[in-house]
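K.L.:
Contents of coords18.pdb (PDB, C-alpha atoms and all ligand atoms):
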```pdb
ATOM      1  CA  MET A  12     -11.931  -8.938  19.089
ATOM      2  CA  GLN A  13     -11.946 -12.386  17.512
ATOM      3  CA  ILE A  14     -10.940 -12.551  13.873
ATOM      4  CA  GLN A  15     -10.387 -15.968  12.361
ATOM      5  CA  SER A  16      -8.594 -14.991   9.236
ATOM      6  CA  ILE A  17      -6.295 -11.976   9.122
ATOM      7  CA  PRO A  18      -5.112 -11.049   5.615
ATOM      8  CA  HIS A  19      -1.462 -11.908   5.154
ATOM      9  CA  HIS A  20      -1.005  -8.851   2.933
ATOM     10  CA  LEU A  21      -3.316  -5.894   3.441
ATOM     11  CA  ALA A  22      -3.158  -2.884   1.116
ATOM     12  CA  ILE A  23      -4.988   0.369   1.801
ATOM     13  CA  ILE A  24      -5.879   3.275  -0.468
ATOM     14  CA  MET A  25      -6.056   5.946   2.227
ATOM     15  CA  ASP A  26      -8.490   8.381   0.632
ATOM     16  CA  GLY A  27     -10.653  11.269   1.828
ATOM     17  CA  ASN A  28      -8.279  13.587   3.695
ATOM     18  CA  GLY A  29      -9.232  16.621   1.631
ATOM     19  CA  ARG A  30     -12.990  16.096   2.002
ATOM     20  CA  TRP A  31     -12.610  15.519   5.740
ATOM     21  CA  ALA A  32     -10.888  18.890   6.099
ATOM     22  CA  HIS A  33     -13.354  20.615   3.758
ATOM     23  CA  GLN A  34     -16.294  19.391   5.883
ATOM     24  CA  ARG A  35     -14.703  21.196   8.814
ATOM     25  CA  GLY A  36     -13.953  24.390   6.906
ATOM     26  CA  GLN A  37     -10.230  23.636   7.194
ATOM     27  CA  PRO A  38      -7.491  23.577   4.553
ATOM     28  CA  ARG A  39      -6.860  20.168   2.929
ATOM     29  CA  THR A  40      -3.480  19.993   4.612
ATOM     30  CA  ILE A  41      -5.162  19.589   8.028
ATOM     31  CA  GLY A  42      -6.790  16.455   6.627
ATOM     32  CA  HIS A  43      -3.378  15.092   5.636
ATOM     33  CA  VAL A  44      -2.000  15.757   9.123
ATOM     34  CA  LYS A  45      -4.920  13.923  10.754
ATOM     35  CA  GLY A  46      -4.650  11.175   8.124
ATOM     36  CA  THR A  47      -1.039  10.577   9.129
ATOM     37  CA  ARG A  48      -2.084  10.065  12.754
ATOM     38  CA  VAL A  49      -4.665   7.527  11.638
ATOM     39  CA  ALA A  50      -2.061   5.743   9.526
ATOM     40  CA  LYS A  51       0.196   5.386  12.586
ATOM     41  CA  GLU A  52      -2.636   3.860  14.593
ATOM     42  CA  ILE A  53      -3.629   1.434  11.846
ATOM     43  CA  ILE A  54       0.008   0.396  11.296
ATOM     44  CA  ARG A  55       0.348  -0.403  15.004
ATOM     45  CA  GLU A  56      -2.922  -2.340  15.044
ATOM     46  CA  CYS A  57      -2.006  -4.360  11.945
ATOM     47  CA  SER A  58       1.305  -5.212  13.557
ATOM     48  CA  ARG A  59      -0.474  -6.286  16.754
ATOM     49  CA  LEU A  60      -2.991  -8.417  14.856
ATOM     50  CA  GLY A  61      -0.298 -10.269  12.937
ATOM     51  CA  VAL A  62      -0.704  -8.827   9.447
ATOM     52  CA  LYS A  63       2.590  -9.675   7.739
ATOM     53  CA  TYR A  64       2.588  -7.108   4.899
ATOM     54  CA  LEU A  65       0.869  -3.732   4.929
ATOM     55  CA  THR A  66       1.046  -1.561   1.810
ATOM     56  CA  LEU A  67      -0.215   1.995   2.222
ATOM     57  CA  TYR A  68      -0.953   4.112  -0.843
ATOM     58  CA  ALA A  69       0.332   7.453   0.387
ATOM     59  CA  PHE A  70       1.095   9.416  -2.808
ATOM     60  CA  SER A  71       0.339   8.457  -6.399
ATOM     61  CA  SER A  72       2.283   9.397  -9.509
ATOM     62  CA  GLU A  73      -0.784  11.464 -10.492
ATOM     63  CA  ASN A  74      -0.737  13.303  -7.151
ATOM     64  CA  TRP A  75       2.292  15.260  -8.454
ATOM     65  CA  HIS A  76      -0.274  17.256 -10.462
ATOM     66  CA  ARG A  77      -1.847  18.683  -7.295
ATOM     67  CA  PRO A  78      -1.202  22.316  -6.351
ATOM     68  CA  GLN A  79       2.445  22.888  -5.493
ATOM     69  CA  MET A  80       1.582  23.930  -1.939
ATOM     70  CA  GLU A  81      -0.237  20.676  -1.207
ATOM     71  CA  VAL A  82       2.564  18.584  -2.697
ATOM     72  CA  SER A  83       5.215  20.324  -0.602
ATOM     73  CA  LEU A  84       3.110  19.971   2.533
ATOM     74  CA  LEU A  85       2.736  16.235   1.843
ATOM     75  CA  MET A  86       6.522  15.970   1.438
ATOM     76  CA  LYS A  87       6.964  17.860   4.694
ATOM     77  CA  ILE A  88       4.636  15.442   6.502
ATOM     78  CA  LEU A  89       6.550  12.531   5.037
ATOM     79  CA  ARG A  90       9.888  13.977   6.124
ATOM     80  CA  ARG A  91       8.576  14.488   9.637
ATOM     81  CA  TYR A  92       7.028  11.027   9.769
ATOM     82  CA  LEU A  93      10.293   9.362   8.779
ATOM     83  CA  LYS A  94      12.307  11.392  11.254
ATOM     84  CA  ARG A  95       9.978  10.816  14.189
ATOM     85  CA  GLU A  96       8.808   7.304  13.530
ATOM     86  CA  THR A  97      11.903   5.349  12.486
ATOM     87  CA  GLU A  98      12.885   4.692  16.086
ATOM     88  CA  ASN A  99       9.379   3.467  16.948
ATOM     89  CA  LEU A 100       9.349   1.213  13.895
ATOM     90  CA  VAL A 101      12.564  -0.412  15.091
ATOM     91  CA  LYS A 102      11.120  -0.808  18.609
ATOM     92  CA  GLU A 103       8.021  -2.458  17.163
ATOM     93  CA  ASN A 104      10.092  -4.707  14.899
ATOM     94  CA  ILE A 105       8.498  -3.211  11.762
ATOM     95  CA  ARG A 106      10.477  -3.240   8.545
ATOM     96  CA  PHE A 107       9.958  -0.208   6.332
ATOM     97  CA  SER A 108      10.254  -0.014   2.569
ATOM     98  CA  VAL A 109       8.954   2.007  -0.341
ATOM     99  CA  ILE A 110       7.597   1.258  -3.811
ATOM    100  CA  GLY A 111       7.265   3.878  -6.534
ATOM    101  CA  ASP A 112       9.290   6.311  -8.586
ATOM    102  CA  PHE A 113      11.658   7.046  -5.742
ATOM    103  CA  PHE A 114      13.864   9.392  -7.796
ATOM    104  CA  ARG A 115      11.094  11.949  -8.293
ATOM    105  CA  LEU A 116      10.999  12.588  -4.546
ATOM    106  CA  PRO A 117      12.980  15.500  -3.059
ATOM    107  CA  GLU A 118      16.560  14.491  -2.265
ATOM    108  CA  ASP A 119      16.286  14.801   1.505
ATOM    109  CA  VAL A 120      13.115  12.665   1.493
ATOM    110  CA  MET A 121      14.984  10.013  -0.508
ATOM    111  CA  GLU A 122      17.774  10.126   2.061
ATOM    112  CA  SER A 123      15.336   9.773   4.960
ATOM    113  CA  ILE A 124      13.706   6.814   3.226
ATOM    114  CA  VAL A 125      17.049   5.086   2.761
ATOM    115  CA  ALA A 126      17.889   5.789   6.409
ATOM    116  CA  ALA A 127      14.562   4.311   7.585
ATOM    117  CA  GLN A 128      14.989   1.284   5.319
ATOM    118  CA  ASN A 129      18.495   0.675   6.659
ATOM    119  CA  ALA A 130      17.520   1.196  10.297
ATOM    120  CA  THR A 131      14.668  -1.308  10.047
ATOM    121  CA  ALA A 132      16.333  -3.798   7.674
ATOM    122  CA  HIS A 133      16.767  -6.387  10.442
ATOM    123  CA  CYS A 134      13.148  -6.201  11.636
ATOM    124  CA  ASP A 135      11.129  -9.300  10.876
ATOM    125  CA  GLY A 136       7.684  -8.375  12.171
ATOM    126  CA  LEU A 137       5.239  -6.411  10.043
ATOM    127  CA  GLN A 138       6.619  -5.401   6.632
ATOM    128  CA  LEU A 139       5.373  -1.859   6.093
ATOM    129  CA  ILE A 140       5.454  -0.664   2.499
ATOM    130  CA  PHE A 141       4.663   2.922   1.514
ATOM    131  CA  ALA A 142       3.558   3.413  -2.091
ATOM    132  CA  LEU A 143       5.063   6.827  -2.830
ATOM    133  CA  SER A 144       5.096   8.518  -6.185
ATOM    134  CA  TYR A 145       3.628   5.178  -7.192
ATOM    135  CA  GLY A 146       1.703   4.395 -10.363
ATOM    136  CA  SER A 147       0.951   0.861 -11.404
ATOM    137  CA  ARG A 148       0.945   1.514 -15.151
ATOM    138  CA  ALA A 149       4.399   3.097 -14.916
ATOM    139  CA  GLU A 150       5.567   0.116 -12.865
ATOM    140  CA  ILE A 151       4.265  -2.316 -15.503
ATOM    141  CA  LEU A 152       5.788  -0.275 -18.365
ATOM    142  CA  SER A 153       9.133  -0.177 -16.652
ATOM    143  CA  ALA A 154       9.018  -3.974 -16.201
ATOM    144  CA  VAL A 155       8.210  -4.360 -19.915
ATOM    145  CA  LYS A 156      11.125  -2.108 -20.907
ATOM    146  CA  THR A 157      13.607  -3.996 -18.718
ATOM    147  CA  ILE A 158      12.407  -7.343 -20.065
ATOM    148  CA  ALA A 159      12.689  -6.055 -23.656
ATOM    149  CA  GLN A 160      16.234  -4.898 -22.953
ATOM    150  CA  GLU A 161      17.140  -8.303 -21.489
ATOM    151  CA  ILE A 162      15.834  -9.935 -24.674
ATOM    152  CA  VAL A 163      17.917  -7.581 -26.844
ATOM    153  CA  GLU A 164      20.959  -8.513 -24.762
ATOM    154  CA  ASN A 165      20.159 -12.233 -25.118
ATOM    155  CA  LYS A 166      19.742 -12.630 -21.377
ATOM    156  CA  LEU A 167      16.157 -13.771 -21.758
ATOM    157  CA  ARG A 168      14.135 -15.581 -24.414
ATOM    158  CA  PRO A 169      10.540 -14.453 -25.104
ATOM    159  CA  GLU A 170       9.271 -18.007 -24.628
ATOM    160  CA  ASP A 171      10.734 -18.045 -21.107
ATOM    161  CA  ILE A 172       8.709 -15.065 -19.893
ATOM    162  CA  ASP A 173       6.067 -16.245 -17.491
ATOM    163  CA  GLU A 174       4.163 -14.638 -14.613
ATOM    164  CA  ALA A 175       7.033 -15.297 -12.220
ATOM    165  CA  THR A 176       9.536 -13.601 -14.558
ATOM    166  CA  PHE A 177       7.232 -10.626 -14.886
ATOM    167  CA  LYS A 178       6.725 -10.334 -11.144
ATOM    168  CA  GLU A 179      10.493 -10.261 -10.664
ATOM    169  CA  HIS A 180      10.587  -7.008 -12.595
ATOM    170  CA  LEU A 181       7.993  -5.239 -10.471
ATOM    171  CA  PHE A 182       8.669  -3.110  -7.367
ATOM    172  CA  THR A 183       6.778  -5.755  -5.427
ATOM    173  CA  LYS A 184       9.030  -8.656  -6.382
ATOM    174  CA  PHE A 185       9.627  -9.603  -2.745
ATOM    175  CA  THR A 186       6.018  -9.180  -1.658
ATOM    176  CA  PRO A 187       3.133 -11.603  -2.058
ATOM    177  CA  ASP A 188       0.044 -10.240  -3.808
ATOM    178  CA  PRO A 189      -2.392  -8.399  -1.535
ATOM    179  CA  ASP A 190      -5.122 -10.566  -0.046
ATOM    180  CA  LEU A 191      -7.343  -7.626   0.829
ATOM    181  CA  ILE A 192      -7.430  -4.085  -0.542
ATOM    182  CA  ILE A 193      -9.370  -1.463   1.400
ATOM    183  CA  ARG A 194     -10.268   1.903  -0.087
ATOM    184  CA  THR A 195     -11.761   4.511   2.181
ATOM    185  CA  SER A 196     -13.907   7.585   1.424
ATOM    186  CA  GLY A 197     -16.615   5.848  -0.599
ATOM    187  CA  GLU A 198     -14.805   6.051  -3.937
ATOM    188  CA  CYS A 199     -15.088   2.723  -5.735
ATOM    189  CA  ARG A 200     -12.035   2.854  -7.968
ATOM    190  CA  ILE A 201      -8.456   1.682  -7.952
ATOM    191  CA  SER A 202      -6.625   4.852  -9.078
ATOM    192  CA  ASN A 203      -3.604   3.134 -10.612
ATOM    193  CA  PHE A 204      -2.751   0.987  -7.577
ATOM    194  CA  LEU A 205      -1.203  -2.519  -7.812
ATOM    195  CA  LEU A 206      -3.035  -3.412 -11.048
ATOM    196  CA  TRP A 207      -1.026  -6.550 -11.772
ATOM    197  CA  GLN A 208      -0.834  -7.624  -8.140
ATOM    198  CA  MET A 209      -4.552  -7.372  -7.410
ATOM    199  CA  ALA A 210      -5.652 -10.019  -9.915
ATOM    200  CA  TYR A 211      -7.201 -12.081  -7.112
ATOM    201  CA  SER A 212      -7.305  -9.609  -4.221
ATOM    202  CA  GLU A 213     -10.515  -9.138  -2.292
ATOM    203  CA  LEU A 214     -11.750  -5.538  -2.499
ATOM    204  CA  TYR A 215     -13.440  -3.638   0.319
ATOM    205  CA  PHE A 216     -14.801  -0.135  -0.100
ATOM    206  CA  SER A 217     -15.476   1.770   3.106
ATOM    207  CA  PRO A 218     -17.555   4.965   3.122
ATOM    208  CA  VAL A 219     -15.468   6.328   6.014
ATOM    209  CA  LEU A 220     -13.094   9.193   5.184
ATOM    210  CA  TRP A 221      -9.514   8.171   6.020
ATOM    211  CA  PRO A 222      -9.032  10.667   8.910
ATOM    212  CA  ASP A 223     -12.118   9.127  10.565
ATOM    213  CA  PHE A 224     -11.028   5.531   9.998
ATOM    214  CA  LYS A 225     -10.855   3.692  13.326
ATOM    215  CA  LYS A 226      -9.690   0.307  14.508
ATOM    216  CA  ALA A 227     -13.368  -0.722  14.509
ATOM    217  CA  ASP A 228     -13.528   0.063  10.771
ATOM    218  CA  LEU A 229     -10.474  -2.110  10.196
ATOM    219  CA  TYR A 230     -12.107  -4.959  12.140
ATOM    220  CA  ALA A 231     -15.280  -4.530  10.067
ATOM    221  CA  ALA A 232     -13.213  -4.951   6.897
ATOM    222  CA  PHE A 233     -11.506  -8.043   8.323
ATOM    223  CA  ARG A 234     -14.828  -9.554   9.354
ATOM    224  CA  ASP A 235     -16.140  -9.010   5.845
ATOM    225  CA  TYR A 236     -12.980 -10.539   4.366
ATOM    226  CA  GLU A 237     -13.292 -13.539   6.644
ATOM    227  CA  LYS A 238     -16.716 -14.377   5.177
ATOM    228  CA  ARG A 239     -15.480 -14.461   1.597
ATOM    229  CA  GLN A 240     -14.553 -17.572  -0.259
ATOM    230  CA  ARG A 241     -11.569 -17.062  -2.523
ATOM    231  CA  ARG A 242     -12.008 -19.444  -5.409
ATOM    232  CA  PHE A 243      -9.234 -18.464  -7.838
ATOM    233  CA  GLY A 244     -11.369 -19.682 -10.727
ATOM    234  CA  ARG A 245     -12.313 -22.994  -9.149
ATOM    235  CA  THR A 246     -15.732 -24.076  -7.864
ATOM    236  CA  SER A 247     -16.914 -23.826  -4.252
ATOM    237  CA  VAL A 248     -16.910 -27.605  -3.925
ATOM    238  CA  GLN A 249     -13.326 -27.829  -5.122
ATOM    239  CA  ILE A 250     -12.256 -25.188  -2.605
ATOM    240  CA  GLU A 251     -14.108 -26.902   0.233
ATOM    241  CA  ASN A 252     -12.473 -30.240  -0.608
ATOM    242  CA  LEU A 253      -9.084 -28.578  -0.686
ATOM    243  CA  PHE A 254      -9.414 -27.403   2.906
ATOM    244  CA  ASN A 255     -11.258 -30.399   4.387
TER     245      ASN A 255
HETATM  246  C1  LIG A 301      -5.811  10.974   0.168
HETATM  247  O1  LIG A 301      -6.748  11.966   0.422
HETATM  248  C2  LIG A 301      -4.397  11.458   0.360
HETATM  249  C3  LIG A 301      -3.651  11.633  -0.884
HETATM  250  C4  LIG A 301      -4.066  11.356  -2.077
HETATM  251  C5  LIG A 301      -2.302  12.165  -0.762
HETATM  252  P1  LIG A 301      -7.131  13.046  -0.670
HETATM  253  O2  LIG A 301      -6.201  14.199  -0.543
HETATM  254  O3  LIG A 301      -7.227  12.436  -2.005
HETATM  255  O4  LIG A 301      -8.575  13.478  -0.160
HETATM  256  P2  LIG A 301      -9.869  13.734  -1.059
HETATM  257  O5  LIG A 301     -10.071  12.520  -1.913
HETATM  258  O6  LIG A 301      -9.607  14.954  -1.872
HETATM  259  O7  LIG A 301     -10.971  13.916  -0.058
HETATM  260  C1  LIG A 302      -5.451   7.709  -4.634
HETATM  261  O1  LIG A 302      -6.267   8.744  -4.208
HETATM  262  C2  LIG A 302      -4.051   7.912  -4.177
HETATM  263  C3  LIG A 302      -3.850   7.893  -2.732
HETATM  264  C4  LIG A 302      -4.731   7.576  -1.828
HETATM  265  C5  LIG A 302      -2.512   8.220  -2.314
HETATM  266  P1  LIG A 302      -6.629   9.982  -5.160
HETATM  267  O2  LIG A 302      -7.503  10.863  -4.357
HETATM  268  O3  LIG A 302      -5.413  10.573  -5.736
HETATM  269  O4  LIG A 302      -7.439   9.254  -6.322
HETATM  270  P2  LIG A 302      -8.508   9.839  -7.355
HETATM  271  O5  LIG A 302      -7.863  10.997  -8.056
HETATM  272  O6  LIG A 302      -9.703  10.293  -6.569
HETATM  273  O7  LIG A 302      -8.839   8.702  -8.244
HETATM  274 MG    MG A 303      -8.722  11.511  -2.994
END
```
As structure tokens, please, write out the structure in this file.
P.N.:
Amino acid sequence: MQIQSIPHHLAIIMDGNGRWAHQRGQPRTIGHVKGTRVAKEIIRECSRLGVKYLTLYAFSSENWHRPQMEVSLLMKILRRYLKRETENLVKENIRFSVIGDFFRLPEDVMESIVAAQNATAHCDGLQLIFALSYGSRAEILSAVKTIAQEIVENKLRPEDIDEATFKEHLFTKFTPDPDLIIRTSGECRISNFLLWQMAYSELYFSPVLWPDFKKADLYAAFRDYEKRQRRFGRTSVQIENLFN
């Protein structure tokens, strides 16, 4: 498959596991299990295609409100994923990290995350970021609180706060903004994901439920992305002159 322009940072809202299971008369948890398999395949393909950053929205801060049984099953899947996959990540030179309210996660999950982060810290291929217990509004609020505290302590002056300063206080301080955001399952909303970071991201909504998402669907998104002209407020002519 020939793709001219692979997004440097791809972010995916992996949605539709529950509906996929429901369509088959299965419990929602079966959808999450299948969804995890799909995630593994898409991670490998992104790594192969040369995507540099891949952020996967795996569990939102609002998902804590789901039935207790579903939440614990999701934590179980996560535990198992980290245990089984860390070695493969190292083999594939993939660096793993997490954004979100880490401390709300069960202690053993936190430990497994730290272990996976440490084991893959030297990897310089794909940077795989799981958004876990992640909510963008909470992330922004926490940045605002830290900045306010720094002002109180005279470490920062209000007039010195710019976009770069703000970014430094986000979970994503080491990550460039996403170039492309894919949401599966036909829902056309953002659900509290990377609100600051997506200011100029391209958005792609796929009707495919996440457990059915195939490499071909990823290529379709990339082909669509490739056709877009990112203007960042400028005119088409300006952009064309910039690249010619
Ligand atoms: C996405 O699938 C996975 C998580 C949010 C953890 P859903 O579980 O939201 O599936 P639907 O949207 O109910 O089909
Ligand atoms: C967003 O999906 C979060 C993840 C994919 C992890 P949700 O299924 O939680 O979003 P809403 O509730 O439909 O907006
Ligand atoms: Mg959903």
K.L.:
Using only the atoms of ligand LIG 302 (chain A) listed in the file, plus 4 Å on each side, state the axis-aligned box centre and edge lengths in Å rounded to one decimal, as AutoDock Vina command-line options.
P.N.:
```
--center_x -6.1 --center_y 9.3 --center_z -5.0 --size_x 15.2 --size_y 11.4 --size_z 14.4
```
K.L.:
What are the nearest atom pairs, with distances in Å to one decimal, for all residues of chain A that come at most 12 Å from ligand MG 303 (chain A), using all atoms listed in the file, set out by chain and rising residue number as CSV?
P.N.:
```
residue,atom,partner,partner_atom,distance
A:Ile24,CA,A:MG303,MG,9.1
A:Met25,CA,A:MG303,MG,8.1
A:Asp26,CA,A:MG303,MG,4.8
A:Gly27,CA,A:MG303,MG,5.2
A:Asn28,CA,A:MG303,MG,7.0
A:Gly29,CA,A:MG303,MG,6.9
A:Arg30,CA,A:MG303,MG,8.0
A:Trp31,CA,A:MG303,MG,10.4
A:Ala32,CA,A:MG303,MG,11.9
A:Arg39,CA,A:MG303,MG,10.7
A:Gly42,CA,A:MG303,MG,11.0
A:His43,CA,A:MG303,MG,10.8
A:Gly46,CA,A:MG303,MG,11.8
A:Tyr68,CA,A:MG303,MG,10.9
A:Ala69,CA,A:MG303,MG,10.5
A:Phe70,CA,A:MG303,MG,10.0
A:Ser71,CA,A:MG303,MG,10.2
A:Glu73,CA,A:MG303,MG,10.9
A:Asn74,CA,A:MG303,MG,9.2
A:Arg77,CA,A:MG303,MG,10.8
A:Arg194,CA,A:MG303,MG,10.2
A:Thr195,CA,A:MG303,MG,9.2
A:Ser196,CA,A:MG303,MG,7.9
A:Gly197,CA,A:MG303,MG,10.0
A:Glu198,CA,A:MG303,MG,8.2
A:Cys199,CA,A:MG303,MG,11.2
A:Arg200,CA,A:MG303,MG,10.5
A:Ile201,CA,A:MG303,MG,11.0
A:Ser202,CA,A:MG303,MG,9.3
A:Leu220,CA,A:MG303,MG,9.6
A:Trp221,CA,A:MG303,MG,9.6
A:Pro222,CA,A:MG303,MG,11.9
```
K.L.:
The PyMOL selection byres (((chain A and resi 100) around 12) and not hetatm) - which residues does that actually catch in the file I just gave you? List them as a ChimeraX atom specification.
P.N.:
/A:51,54-55,58,92-99,101-108,127-139
K.L.:
For Glu174 (chain A), list every protein, DNA or RNA residue within 12 Å, evaluated using only C-alpha atoms, and leave out those in the same chain fewer than 6 positions away; present the list as a list in words.
P.N.:
Ala154, His180, Leu181, Lys184, Trp207, Gln208 and Ala210 of chain A
K.L.:
Quick check, in Å to one decimal: how far apart do CA of Leu206 (chain A) and CA of Arg148 (chain A) lie?
P.N.:
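Going from CA of Leu206 (chain A) over to CA of Arg148 (chain A) covers 7.5 Å.
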K.L.:
Could you tell me which of A:Ile151, A:Leu143, A:Ile192, A:Val49 comes closest to Ala22 (chain A) if we count only C-alpha atoms?
P.N.:
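For Ala22 (chain A), the nearest of the candidates is A:Ile192.
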K.L.:
Show me the residues around (-6.9, -7.2, 16.3) - criterion: an atom at most 10 Å away, only C-alpha atoms counted - as a PDB file with C-alpha atoms, in the frame of the given file.
P.N.:
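This went into selection-v4.pdb:
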```pdb
ATOM      1  CA  MET A  12     -11.931  -8.938  19.089  1.00  0.00           C
ATOM      2  CA  GLN A  13     -11.946 -12.386  17.512  1.00  0.00           C
ATOM      3  CA  ILE A  14     -10.940 -12.551  13.873  1.00  0.00           C
ATOM      4  CA  ILE A  17      -6.295 -11.976   9.122  1.00  0.00           C
ATOM      5  CA  GLU A  56      -2.922  -2.340  15.044  1.00  0.00           C
ATOM      6  CA  CYS A  57      -2.006  -4.360  11.945  1.00  0.00           C
ATOM      7  CA  SER A  58       1.305  -5.212  13.557  1.00  0.00           C
ATOM      8  CA  ARG A  59      -0.474  -6.286  16.754  1.00  0.00           C
ATOM      9  CA  LEU A  60      -2.991  -8.417  14.856  1.00  0.00           C
ATOM     10  CA  GLY A  61      -0.298 -10.269  12.937  1.00  0.00           C
ATOM     11  CA  VAL A  62      -0.704  -8.827   9.447  1.00  0.00           C
ATOM     12  CA  LYS A 226      -9.690   0.307  14.508  1.00  0.00           C
ATOM     13  CA  ALA A 227     -13.368  -0.722  14.509  1.00  0.00           C
ATOM     14  CA  LEU A 229     -10.474  -2.110  10.196  1.00  0.00           C
ATOM     15  CA  TYR A 230     -12.107  -4.959  12.140  1.00  0.00           C
ATOM     16  CA  PHE A 233     -11.506  -8.043   8.323  1.00  0.00           C
TER      17      PHE A 233
END
```
K.L.:
Could you check the closest approach to ligand LIG 301 (chain A) for each of A:Ala142, A:Leu205, A:Val120, A:Ala126 and tell me which residue wins, using all atoms listed in the file?
P.N.:
A:Ala142
